[in-house]
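Engineer: So here's data-v2.cif (mmCIF, C-alpha atoms).
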data_run
#
loop_
_atom_site.label_atom_id
_atom_site.label_comp_id
_atom_site.auth_asym_id
_atom_site.auth_seq_id
_atom_site.Cartn_x
_atom_site.Cartn_y
_atom_site.Cartn_z
CA MET A 207 104.93 98.87 111.06
CA SER A 208 102.95 96.50 108.86
CA VAL A 209 101.81 97.49 105.42
CA LEU A 210 98.32 96.52 106.60
CA SER A 211 98.10 99.65 108.69
CA LEU A 212 99.27 101.96 105.96
CA GLU A 213 96.03 102.46 104.10
CA ASN A 214 96.21 106.16 103.42
CA GLU A 215 96.92 108.65 100.67
CA GLU A 216 100.51 109.26 101.65
CA GLU A 217 101.48 105.60 101.60
CA THR A 218 99.71 105.05 98.33
CA CYS A 219 101.82 107.78 96.85
CA SER A 220 104.93 106.03 98.14
CA VAL A 221 104.24 102.91 96.07
CA GLU A 222 103.36 105.05 93.06
CA MET A 223 106.58 107.00 93.60
CA THR A 224 108.63 103.80 93.55
CA VAL A 225 106.87 102.48 90.44
CA GLY A 226 107.48 105.85 88.80
CA VAL A 227 111.23 105.49 89.32
CA ILE A 228 111.89 101.75 88.85
CA GLY A 229 108.76 100.73 86.96
CA GLY A 230 109.08 99.50 83.42
CA LYS A 231 110.03 96.12 82.13
CA TRP A 232 113.82 96.34 82.30
CA LYS A 233 114.88 98.70 85.07
CA PRO A 234 114.65 96.16 87.92
CA VAL A 235 116.57 93.63 85.81
CA ILE A 236 119.33 96.15 85.02
CA LEU A 237 119.58 97.23 88.65
CA PHE A 238 119.68 93.64 89.81
CA HIS A 239 122.69 92.92 87.59
CA LEU A 240 124.50 96.00 88.86
CA MET A 241 124.08 94.86 92.48
CA SER A 242 127.04 92.53 92.00
CA GLY A 243 129.28 95.30 90.72
CA GLU A 244 129.86 97.66 87.81
CA LYS A 245 129.19 96.40 84.31
CA ARG A 246 130.27 97.47 80.85
CA TYR A 247 127.58 98.31 78.35
CA SER A 248 128.40 95.16 76.39
CA GLU A 249 127.88 93.02 79.49
CA LEU A 250 124.50 94.58 80.20
CA ARG A 251 123.60 94.15 76.54
CA ARG A 252 124.25 90.42 76.91
CA LEU A 253 122.60 90.06 80.34
CA VAL A 254 119.41 91.92 79.43
CA ALA A 255 119.17 90.14 76.12
CA LYS A 256 115.43 90.44 75.55
CA ALA A 257 115.36 94.26 75.72
CA SER A 258 115.78 96.17 72.46
CA ASP A 259 118.82 98.47 72.14
CA ARG A 260 116.48 101.42 72.33
CA MET A 261 114.79 100.24 75.53
CA LEU A 262 118.08 99.32 77.17
CA THR A 263 119.75 102.69 76.49
CA ARG A 264 116.59 104.57 77.43
CA SER A 265 116.29 102.69 80.72
CA LEU A 266 119.97 103.30 81.51
CA ARG A 267 119.63 107.00 80.75
CA GLU A 268 116.55 107.39 82.94
CA LEU A 269 118.16 105.49 85.82
CA GLU A 270 121.17 107.81 85.51
CA GLN A 271 118.92 110.89 85.52
CA ASP A 272 117.23 109.58 88.66
CA ASN A 273 120.65 109.20 90.27
CA LEU A 274 120.35 105.44 90.75
CA LEU A 275 123.32 104.57 88.58
CA SER A 276 126.34 106.45 87.26
CA ARG A 277 127.94 106.18 83.85
CA HIS A 278 131.70 106.34 83.43
CA VAL A 279 133.40 106.77 80.07
CA PHE A 280 137.04 105.69 79.91
CA ALA A 281 139.11 107.33 77.17
CA GLU A 282 140.51 104.14 75.76
CA VAL A 283 140.51 102.71 72.27
CA PRO A 284 137.97 101.29 71.86
CA VAL A 285 136.12 103.51 74.33
CA ARG A 286 134.96 101.73 77.49
CA VAL A 287 131.66 102.66 79.15
CA GLU A 288 130.81 101.32 82.60
CA TYR A 289 127.71 101.60 84.73
CA LYS A 290 127.53 101.22 88.46
CA LEU A 291 125.00 101.80 91.21
CA THR A 292 125.13 105.04 93.13
CA LYS A 293 124.63 105.16 96.90
CA ASP A 294 120.94 105.88 96.21
CA GLY A 295 120.77 102.95 93.82
CA LYS A 296 122.03 100.58 96.48
CA THR A 297 119.07 101.46 98.72
CA LEU A 298 116.92 99.48 96.27
CA LEU A 299 118.49 96.22 97.44
CA PRO A 300 115.54 95.14 99.67
CA ILE A 301 113.09 95.55 96.78
CA LEU A 302 115.28 93.67 94.31
CA GLU A 303 115.96 90.87 96.78
CA ALA A 304 112.24 90.48 97.46
CA MET A 305 111.51 90.44 93.72
CA SER A 306 114.19 87.84 93.11
CA ALA A 307 112.98 85.61 95.96
CA TRP A 308 109.37 85.81 94.80
CA GLY A 309 110.24 85.05 91.18
CA SER A 310 112.34 82.06 92.22
CA LYS A 311 109.44 80.52 94.15
CA ARG A 312 107.05 81.24 91.31
CA ASN A 313 109.40 79.44 88.94
CA ILE A 314 109.28 76.33 91.10
CA ASN A 315 105.51 76.21 91.52
CA MET B 224 121.84 84.27 100.77
CA SER B 225 122.67 87.77 99.58
CA VAL B 226 121.56 89.05 96.22
CA LEU B 227 125.22 89.83 95.62
CA SER B 228 125.98 86.15 95.17
CA LEU B 229 123.12 85.54 92.80
CA GLU B 230 124.69 86.66 89.57
CA ASN B 231 123.50 83.92 87.29
CA GLU B 232 120.98 83.17 84.61
CA GLU B 233 118.45 81.54 86.88
CA GLU B 234 118.29 84.43 89.30
CA THR B 235 118.06 86.94 86.50
CA CYS B 236 115.04 85.11 85.23
CA SER B 237 113.50 85.34 88.68
CA VAL B 238 113.49 89.14 88.60
CA GLU B 239 112.19 89.12 85.03
CA MET B 240 109.52 86.65 86.11
CA THR B 241 108.36 88.98 88.88
CA VAL B 242 108.33 92.02 86.61
CA GLY B 243 106.36 89.97 84.09
CA VAL B 244 103.64 89.35 86.65
CA ILE B 245 103.47 92.57 88.68
CA GLY B 246 105.19 94.98 86.30
CA GLY B 247 103.23 97.81 84.82
CA LYS B 248 102.35 101.15 86.29
CA TRP B 249 99.29 100.20 88.33
CA LYS B 250 99.51 96.59 89.47
CA PRO B 251 101.68 97.23 92.54
CA VAL B 252 99.40 100.12 93.55
CA ILE B 253 96.28 97.97 93.21
CA LEU B 254 97.85 95.10 95.15
CA PHE B 255 99.03 97.46 97.85
CA HIS B 256 95.47 98.69 98.42
CA LEU B 257 94.14 95.15 98.61
CA MET B 258 96.65 94.27 101.33
CA SER B 259 94.36 95.94 103.86
CA GLY B 260 91.34 93.90 102.78
CA GLU B 261 88.86 93.38 99.95
CA LYS B 262 87.73 96.40 97.97
CA ARG B 263 84.78 97.14 95.73
CA TYR B 264 85.50 98.26 92.20
CA SER B 265 84.29 101.77 93.02
CA GLU B 266 86.77 101.99 95.91
CA LEU B 267 89.68 100.91 93.72
CA ARG B 268 88.49 103.37 91.06
CA ARG B 269 88.81 106.14 93.64
CA LEU B 270 92.10 104.92 95.16
CA VAL B 271 93.89 104.41 91.86
CA ALA B 272 92.60 107.68 90.51
CA LYS B 273 95.31 108.38 87.94
CA ALA B 274 94.80 105.14 85.99
CA SER B 275 92.36 105.20 83.09
CA ASP B 276 89.28 102.94 83.31
CA ARG B 277 90.80 100.80 80.61
CA MET B 278 94.13 100.39 82.39
CA LEU B 279 92.48 99.69 85.74
CA THR B 280 90.15 96.98 84.42
CA ARG B 281 92.93 95.46 82.32
CA SER B 282 95.29 95.33 85.29
CA LEU B 283 92.59 93.77 87.48
CA ARG B 284 91.82 91.16 84.84
CA GLU B 285 95.47 90.21 84.39
CA LEU B 286 96.04 89.98 88.15
CA GLU B 287 93.01 87.71 88.35
CA GLN B 288 94.32 85.53 85.49
CA ASP B 289 97.65 85.25 87.33
CA ASN B 290 95.76 84.11 90.42
CA LEU B 291 96.92 87.02 92.57
CA LEU B 292 93.47 88.39 93.23
CA SER B 293 89.96 87.00 93.02
CA ARG B 294 86.81 88.74 91.82
CA HIS B 295 83.47 88.17 93.49
CA VAL B 296 80.18 89.28 92.01
CA PHE B 297 77.29 89.61 94.47
CA ALA B 298 73.84 89.32 92.95
CA GLU B 299 72.46 92.48 94.48
CA VAL B 300 70.80 95.51 92.97
CA PRO B 301 72.91 97.35 92.05
CA VAL B 302 75.38 94.54 91.49
CA ARG B 303 78.36 94.54 93.85
CA VAL B 304 81.82 93.48 92.64
CA GLU B 305 84.63 92.93 95.11
CA TYR B 306 88.29 92.12 94.66
CA LYS B 307 90.53 90.50 97.20
CA LEU B 308 94.00 89.00 97.33
CA THR B 309 94.38 85.27 96.93
CA LYS B 310 96.83 83.26 99.03
CA ASP B 311 99.34 83.68 96.20
CA GLY B 312 98.71 87.41 96.11
CA LYS B 313 99.52 87.73 99.79
CA THR B 314 103.00 86.35 99.16
CA LEU B 315 103.80 89.67 97.46
CA LEU B 316 103.70 91.47 100.79
CA PRO B 317 107.52 91.71 101.21
CA ILE B 318 107.90 93.33 97.77
CA LEU B 319 105.09 95.82 98.35
CA GLU B 320 106.35 96.71 101.82
CA ALA B 321 109.85 97.33 100.46
CA MET B 322 108.42 99.47 97.64
CA SER B 323 106.35 101.49 100.08
CA ALA B 324 109.27 102.03 102.44
CA TRP B 325 111.58 103.12 99.63
CA GLY B 326 109.02 105.51 98.15
CA SER B 327 108.39 107.09 101.55
CA LYS B 328 112.07 107.84 102.05
CA ARG B 329 112.38 109.16 98.51
CA ASN B 330 109.47 111.51 99.20
CA ILE B 331 111.27 112.96 102.20
CA ASN B 332 114.61 113.52 100.48
#
So, in terms of structure tokens, how does the structure I just supplied come out?
Structural biologist:
Amino acid sequence: MSVLSLENEEETCSVEMTVGVIGGKWKPVILFHLMSGEKRYSELRRLVAKASDRMLTRSLRELEQDNLLSRHVFAEVPVRVEYKLTKDGKTLLPILEAMSAWGSKRNIN
Amino acid sequence: MSVLSLENEEETCSVEMTVGVIGGKWKPVILFHLMSGEKRYSELRRLVAKASDRMLTRSLRELEQDNLLSRHVFAEVPVRVEYKLTKDGKTLLPILEAMSAWGSKRNIN
């Protein structure tokens, strides 16, 4: 079914719903990095370099609350914290792929 | 090429680039509505009901500056203002479709 036929209240809500969960400047970028596998906090800190500490931790916490990623604390010294996508989080792949493809083309033009 | 193989600086930038252009709470919702054809300001005002006037007009202006939609003023009384997607704007279809599909499933679960 094409998006062109979906002009109704319910479908509108579906885009708003998605923006409500993965909207914000950094969430798609974080999720995109986790697509290739779990990451330590320090890795994400480096990969999402332009986000402030506050925004990065806040985005991670909200994504965890929405069950899109899980946080694992390993009792080592120093403590190791890893983030990885949940099964729900992996369902975002089509959106992230489309965003990546579009941004790549835009970069070229 | 799968997103899983795209773990590098360039591809990261591509997601950030996309978020930079269509990020924000209302832009994807506005663009989604325009997928089905041009809309008058009053129609968008009704369809994107939860956005403030300020946020709606700001989002429309920024989307116009980024060449994703065009604004047409018809010299009628009262004046008629219509917005429609540009050729560039239509290239966002895969992202918006994926966002709509994901939000629909999320609504059900």
Engineer: Do me a favour and pick out the residues of chain A within 8 Å of chain B, using all atoms listed in the file, as a ChimeraX atom specification.
Structural biologist: /A:208-211,213,217-226,229-232,234-235,238-239,241-242,297-310,312-313
Engineer: Between B:Glu261, B:Gly312, B:Tyr306, B:Arg269, which one has atoms that come closest to Arg284 in chain B, using all atoms listed in the file?
Structural biologist: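 Using all atoms listed in the file, the shortest distance to Arg284 in chain B belongs to B:Tyr306.
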Engineer: What's the separation between CA of Arg246 in chain A and CA of Ser258 in chain A, in Å to one decimal place?
Structural biologist: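 CA of Ser258 in chain A lies 16.8 Å from CA of Arg246 in chain A.
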Engineer: Could you jot down the CA of Ser248 in chain A to CA of Thr292 in chain A separation for me, Å, one decimal place?
Structural biologist: 19.7 Å
Engineer: What's the separation between CA of Tyr264 in chain B and CA of Ser293 in chain B, in Å to one decimal place?
Structural biologist: 12.1 Å
